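Okay, structure first, notes after.
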Amino acid sequence: MMASTRSLLRTKSLISNLPRFSSNYKCLDVSVNNDNNITTVTLKRPPVNSLNLDLLSEISDVLTDLKKSKSPGMILTSSSDKVFTAGLDIMEMHKPDPERFKQFWYALQDVWMKLYGSPFPTAAAINGHAPAGGCLLAMCCEYRVMVQNFNIGLNETQLGIVAPIWFIKTMLNTISIRDTELALTTGRLFKTDEALAVGLIDEMATDKADALKKANAFFERFEMIPPIARAYTKDSLRGSDIEDLKKNREKDIQTTLSLITQPKVQQGLEFYLALLKNKKESAA
Ligand SMILES: CCCCCCCCCCCC/C=C/CC(=O)SCCNC(=O)CCNC(=O)[C@H](O)C(C)(C)COP(=O)(O)OP(=O)(O)OC[C@H]1O[C@@H](n2cnc3c(N)ncnc32)[C@H](O)[C@@H]1OP(=O)(O)O
């Protein structure tokens, strides 16, 4: 084979392996670092990147693309300078339309299964607050770098709701059983330095650029590790949690819908929404 043909074929195979990202994302920016081929996925749904059906569907799509293209890794971050994500969009849970709620919850399950179980390595550059669903996304990643002076945690009980078992398992995969119990029952939000002390994050950063630099450095650890060995090992650690949800997926949707529509739970959400609004008014 002529050298030029070989090089053309090599180029073609490289091109076919490059991640193909839809340019139609409305709530995400997706970019690939030319130095290490790591993809940075930036959440951009102002004002607080709350996770509604649209945003979750886009995250799910990008995770599928990354897996198909055998990406060497992904960093999740935010376009906001103070919120990573405010967690699930409370408006999806307040007086929900049942059919839409089912789609919403299905999309959340999808994102969790794909992110928690991704064969490629993942890191979160947490450049703002990460309550509830925001903490969940960060914990699904294998490594967390967080900018100082923000909050992270599963604060569901503060809203009068209960973190589903797969949220809890994700925290148990990250910090101790004892710290998980204390954190969940009190709905604790950890400041960045407290999160580091308990192991909820791996490193602190001074700002977003520093967080991205440290997150990128994480992937260097895998340069000499065969990806298949890495992926199988991760699956051995996390796969059974994912299988449990797969088996109970429909039941999880139905149970959540019936719990979330209980009048007491709806009143709690209304109260919480009012608190968020009041906070804004009293700050003005
Ligand atoms: C009896 C047993 C019952 C059992 C019940 C079981 C129920 C079933 C289980 C269901 C499980 C569901 C799991 C849910 C997980 C979640 O993720 S719930 C969401 C939790 N999120 C939060 O608590 C965060 C709330 N937000 C904030 O704390 C702050 O907004 C912030 C720190 C993130 C940012 O602060 P700041 O920058 O000052 O912005 P704000 O002025 O507060 O907000 C701007 C704007 O956004 C709205 N908003 C904030 N968060 C959300 C959200 N999560 N969803 C929707 N909207 C949100 C906020 O109201 C403001 O709106 P306006 O501009 O005033 O319109």
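Just so we're on the same page: first chain in the structure tokens is A, next is B, and so on; residues restart at 1 for each chain, and ligands are numbered from 1 in the order they show up.
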Using only C-alpha atoms and all ligand atoms, which residues have at least one atom no more than 6 Å from ligand 1? Output them as a count of residues only. 27
Spatial neighbours of range 58-66 of chain A, 10 Å, only C-alpha atoms, chain gap at least 2 places, as number ranges by chain: A: 18-22, 24-28, 30, 39, 41-43, 51, 53-56, 68-74, 76, 107-115, 118-120
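Closest approach to Ile152 in chain A from the set A:Phe167, A:Phe84, A:Thr185, A:Ser258 is made by A:Phe84, with distances taken over only C-alpha atoms.
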Would you mind listing what lies within 9 Å of Arg230 in chain A as a ChimeraX atom specification, with only C-alpha atoms counted and same-chain residues fewer than 4 positions away left out? /A:119-121,222,225-226,234-235
How would the residues just chosen look if you wrote them out with C-alpha atoms as a PDB file, in the first residue's frame?
ATOM      1  CA  PRO A 119     -16.658   3.412  30.506  1.00  0.00           C
ATOM      2  CA  PHE A 120     -14.617   6.605  30.036  1.00  0.00           C
ATOM      3  CA  PRO A 121     -13.186   8.537  33.003  1.00  0.00           C
ATOM      4  CA  PHE A 222      -4.828   6.726  32.967  1.00  0.00           C
ATOM      5  CA  ILE A 225      -3.785   2.042  31.858  1.00  0.00           C
ATOM      6  CA  PRO A 226      -5.550  -0.005  29.165  1.00  0.00           C
ATOM      7  CA  LYS A 234     -15.287   0.587  37.256  1.00  0.00           C
ATOM      8  CA  ASP A 235     -18.160  -1.667  36.218  1.00  0.00           C
TER       9      ASP A 235
END
Go through A:Ala123, A:Val32, A:Ala197, A:Leu159 and flag the residue nearest Gln267 in chain A, using only C-alpha atoms for the distances.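 Among the listed residues, A:Leu159 lies closest to Gln267 in chain A.
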For the alpha helix (DSSP H) assignment from backbone DSSP, which residues of range 189-243 of chain A qualify? Please present them as a ChimeraX atom specification. /A:192-198,208-218,227-243
For each of A:Arg221, A:Arg45, A:Arg249, A:Lys213, take the minimum atom-to-atom distance to Val145 in chain A, counting only C-alpha atoms, then give the residue where this is smallest.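 Selected residue with least distance to Val145 in chain A: A:Lys213.
In this structure, CA of Ala130 in chain A sits 29.0 Å away from CA of Tyr232 in chain A.
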As a ChimeraX atom specification, please: the residues near Val198 in chain A (cut-off 9 Å, only C-alpha atoms, same-chain neighbours under 5 positions excluded). /A:175-176,179,193
Counting only C-alpha atoms, the residue of A:Ile165, A:Gln148, A:Ile201, A:Glu223 that sits nearest Thr255 in chain A: A:Ile165
Taking the DSSP assignment computed from this structure's backbone, write out as a VMD selection string all residues of range 8-197 of chain A that belong to strand (DSSP E or B). chain A and resid 28 to 32 39 to 43 51 74 to 78 83 88 122 to 126 129 to 131 143 to 147 151 to 153 190 to 191
With C-alpha atoms retained, write the just-selected residues as a PDB file, in the first residue's frame.
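Listing of again_6.pdb after writing:
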ATOM      1  CA  LEU A  28     -24.848  22.715  26.746  1.00  0.00           C
ATOM      2  CA  ASP A  29     -21.513  23.775  25.325  1.00  0.00           C
ATOM      3  CA  VAL A  30     -19.386  20.864  24.230  1.00  0.00           C
ATOM      4  CA  SER A  31     -15.713  21.268  23.352  1.00  0.00           C
ATOM      5  CA  VAL A  32     -12.770  18.928  22.884  1.00  0.00           C
ATOM      6  CA  THR A  39     -14.307  16.686  26.201  1.00  0.00           C
ATOM      7  CA  THR A  40     -15.592  19.477  28.397  1.00  0.00           C
ATOM      8  CA  VAL A  41     -19.371  19.586  28.743  1.00  0.00           C
ATOM      9  CA  THR A  42     -20.543  22.938  30.111  1.00  0.00           C
ATOM     10  CA  LEU A  43     -24.034  23.276  31.531  1.00  0.00           C
ATOM     11  CA  LEU A  51     -32.133  20.132  35.524  1.00  0.00           C
ATOM     12  CA  MET A  74     -15.140  14.047  30.048  1.00  0.00           C
ATOM     13  CA  ILE A  75     -15.197  17.059  32.360  1.00  0.00           C
ATOM     14  CA  LEU A  76     -18.532  18.418  33.545  1.00  0.00           C
ATOM     15  CA  THR A  77     -18.687  22.094  34.488  1.00  0.00           C
ATOM     16  CA  SER A  78     -20.961  25.143  34.399  1.00  0.00           C
ATOM     17  CA  VAL A  83     -23.924  27.746  40.382  1.00  0.00           C
ATOM     18  CA  LEU A  88     -33.598  19.136  39.674  1.00  0.00           C
ATOM     19  CA  THR A 122     -15.114  11.561  34.235  1.00  0.00           C
ATOM     20  CA  ALA A 123     -14.342  14.581  36.394  1.00  0.00           C
ATOM     21  CA  ALA A 124     -16.488  17.419  37.682  1.00  0.00           C
ATOM     22  CA  ALA A 125     -15.047  20.936  37.807  1.00  0.00           C
ATOM     23  CA  ILE A 126     -17.550  22.283  40.315  1.00  0.00           C
ATOM     24  CA  HIS A 129     -23.121  25.624  44.300  1.00  0.00           C
ATOM     25  CA  ALA A 130     -24.095  21.987  43.763  1.00  0.00           C
ATOM     26  CA  PRO A 131     -27.142  21.130  45.890  1.00  0.00           C
ATOM     27  CA  TYR A 143     -13.146  12.877  40.438  1.00  0.00           C
ATOM     28  CA  ARG A 144     -14.336  16.196  41.838  1.00  0.00           C
ATOM     29  CA  VAL A 145     -12.475  19.495  41.968  1.00  0.00           C
ATOM     30  CA  MET A 146     -14.445  22.306  43.602  1.00  0.00           C
ATOM     31  CA  VAL A 147     -13.901  26.045  43.740  1.00  0.00           C
ATOM     32  CA  ASN A 151     -21.977  24.482  48.861  1.00  0.00           C
ATOM     33  CA  ILE A 152     -22.501  20.862  47.887  1.00  0.00           C
ATOM     34  CA  GLY A 153     -24.692  18.099  49.314  1.00  0.00           C
ATOM     35  CA  PHE A 190     -21.070  21.150  52.873  1.00  0.00           C
ATOM     36  CA  LYS A 191     -18.865  24.164  52.233  1.00  0.00           C
TER      37      LYS A 191
END
So which one's closest to Ile168 in chain A, A:Asp241, A:Glu194, A:Asp210, A:Glu99? Using only C-alpha atoms, please. A:Asp241
Exercise: His94 in chain A partners within 8 Å, only C-alpha atoms, chain neighbours under 4 positions left out, as a count of residues only: 4
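Among A:Gly160, A:Phe104, A:Glu142, A:Thr233, the residue with the shortest atom-to-atom distance to Leu200 in chain A, counting only C-alpha atoms, is A:Glu142.
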